[in-house]
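Worksheet for the structure shown next.
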Amino acid sequence: AATALSLLSAYGCVDRLVALATAPSEAKEDGSAKALIRDAALVLLGLVYGLGGARLVAPHLSAITPPAIAALVSPEPRARMAAAFFWHDATAAKGPATSLARATVPAGKLAGAGIPIGKTATGGAPAFCSGLGVMRRLATTAPHA
């Protein structure tokens, strides 16, 4: 793993993956080559974390967090899976775990992606959900076609 991380660092691979993962999105691009590449870049950044490369990705966390949170509530299941994979591996490090816990997602985004929102203690629907709450809902909800 150390050799792989050294090579990734030496050739600027993480910088390139971050650029691909944070590329601006275009309307109606689900399934397009750009969307597939962006999702793959998120998965690969998760693998870098899994190899112990937090120090390589950490400087880019502020750029990665917004698109990785947005992908969690994408209507496209593939994008949600890529983001969930990234967050699963990345949250072993303190910085990403904090970013995920502090992120807020409007409840309407969850509903639009078909992710159950749940109820508050008083029985009403919450206005927001944390990124960690989104991950929990994805983990406890049966996927739909």
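Within each chain, counting starts at residue 1; across the structure tokens, chains are named A, B, ... in the order shown, with ligands numbered 1 upward in that order.
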From a DSSP pass on the backbone, collect the residues of chain A flagged as strand (DSSP E) and hand them back as a ChimeraX atom specification. /A:104-106,128-130
Env of region 30-47 of chain A: 10 Å cut, atoms = only C-alpha atoms, seq-sep filter 2 positions within chain, self excluded. Answer as an NGL selection string. :A and (13-14 or 16-28 or 49-54 or 56-57 or 64 or 67-68 or 71 or 74-91)
Interatomic distance (Å, one decimal) between CA of Thr98 (chain A) and CA of Leu61 (chain A): 10.8 Å
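For the pair CA of Pro66 (chain A) and CA of Ala127 (chain A), the interatomic distance is 18.7 Å.
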CA of Ile69 (chain A) to CA of Thr141 (chain A), straight-line distance in Å: 17.7 Å
Which polymer residues have any atom within 8 Å of an atom of Val134 (chain A), counting only C-alpha atoms, with same-chain residues fewer than 5 positions away left out, as a PyMOL selection string? chain A and resi 72-73+110+129
Give the helix (DSSP H, G or I) residues of chain A, as assigned by DSSP on the backbone, as a PyMOL selection string. chain A and resi 2-10+13-21+33-50+54-72+77-90+94-102+107-112+131-140
Could you pull the residues within 12 Å of Thr140 (chain A), counting only C-alpha atoms, minus those fewer than 5 positions along the same chain, as an mmCIF file with N, CA and C atoms, in the first residue's frame?
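selection_0.cif written:
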```
data_model
loop_
_atom_site.group_PDB
_atom_site.id
_atom_site.type_symbol
_atom_site.label_atom_id
_atom_site.label_comp_id
_atom_site.auth_asym_id
_atom_site.auth_seq_id
_atom_site.Cartn_x
_atom_site.Cartn_y
_atom_site.Cartn_z
ATOM 1 N N ILE A 115 -35.400 8.571 -1.049
ATOM 2 C CA ILE A 115 -34.842 8.141 0.234
ATOM 3 C C ILE A 115 -35.832 8.541 1.323
ATOM 4 N N PRO A 116 -36.306 7.601 2.135
ATOM 5 C CA PRO A 116 -37.279 7.938 3.183
ATOM 6 C C PRO A 116 -36.736 9.003 4.140
ATOM 7 N N ILE A 117 -37.593 9.937 4.468
ATOM 8 C CA ILE A 117 -37.173 11.047 5.320
ATOM 9 C C ILE A 117 -37.372 10.731 6.790
ATOM 10 N N GLY A 118 -38.429 10.050 7.122
ATOM 11 C CA GLY A 118 -38.719 9.762 8.519
ATOM 12 C C GLY A 118 -39.500 10.888 9.166
ATOM 13 N N GLY A 133 -26.899 11.215 8.639
ATOM 14 C CA GLY A 133 -28.273 10.710 8.603
ATOM 15 C C GLY A 133 -28.638 10.148 7.238
ATOM 16 N N VAL A 134 -28.142 10.787 6.180
ATOM 17 C CA VAL A 134 -28.389 10.272 4.829
ATOM 18 C C VAL A 134 -27.748 8.892 4.679
ATOM 19 N N MET A 135 -26.503 8.768 5.145
ATOM 20 C CA MET A 135 -25.826 7.470 5.066
ATOM 21 C C MET A 135 -26.604 6.403 5.829
#
```
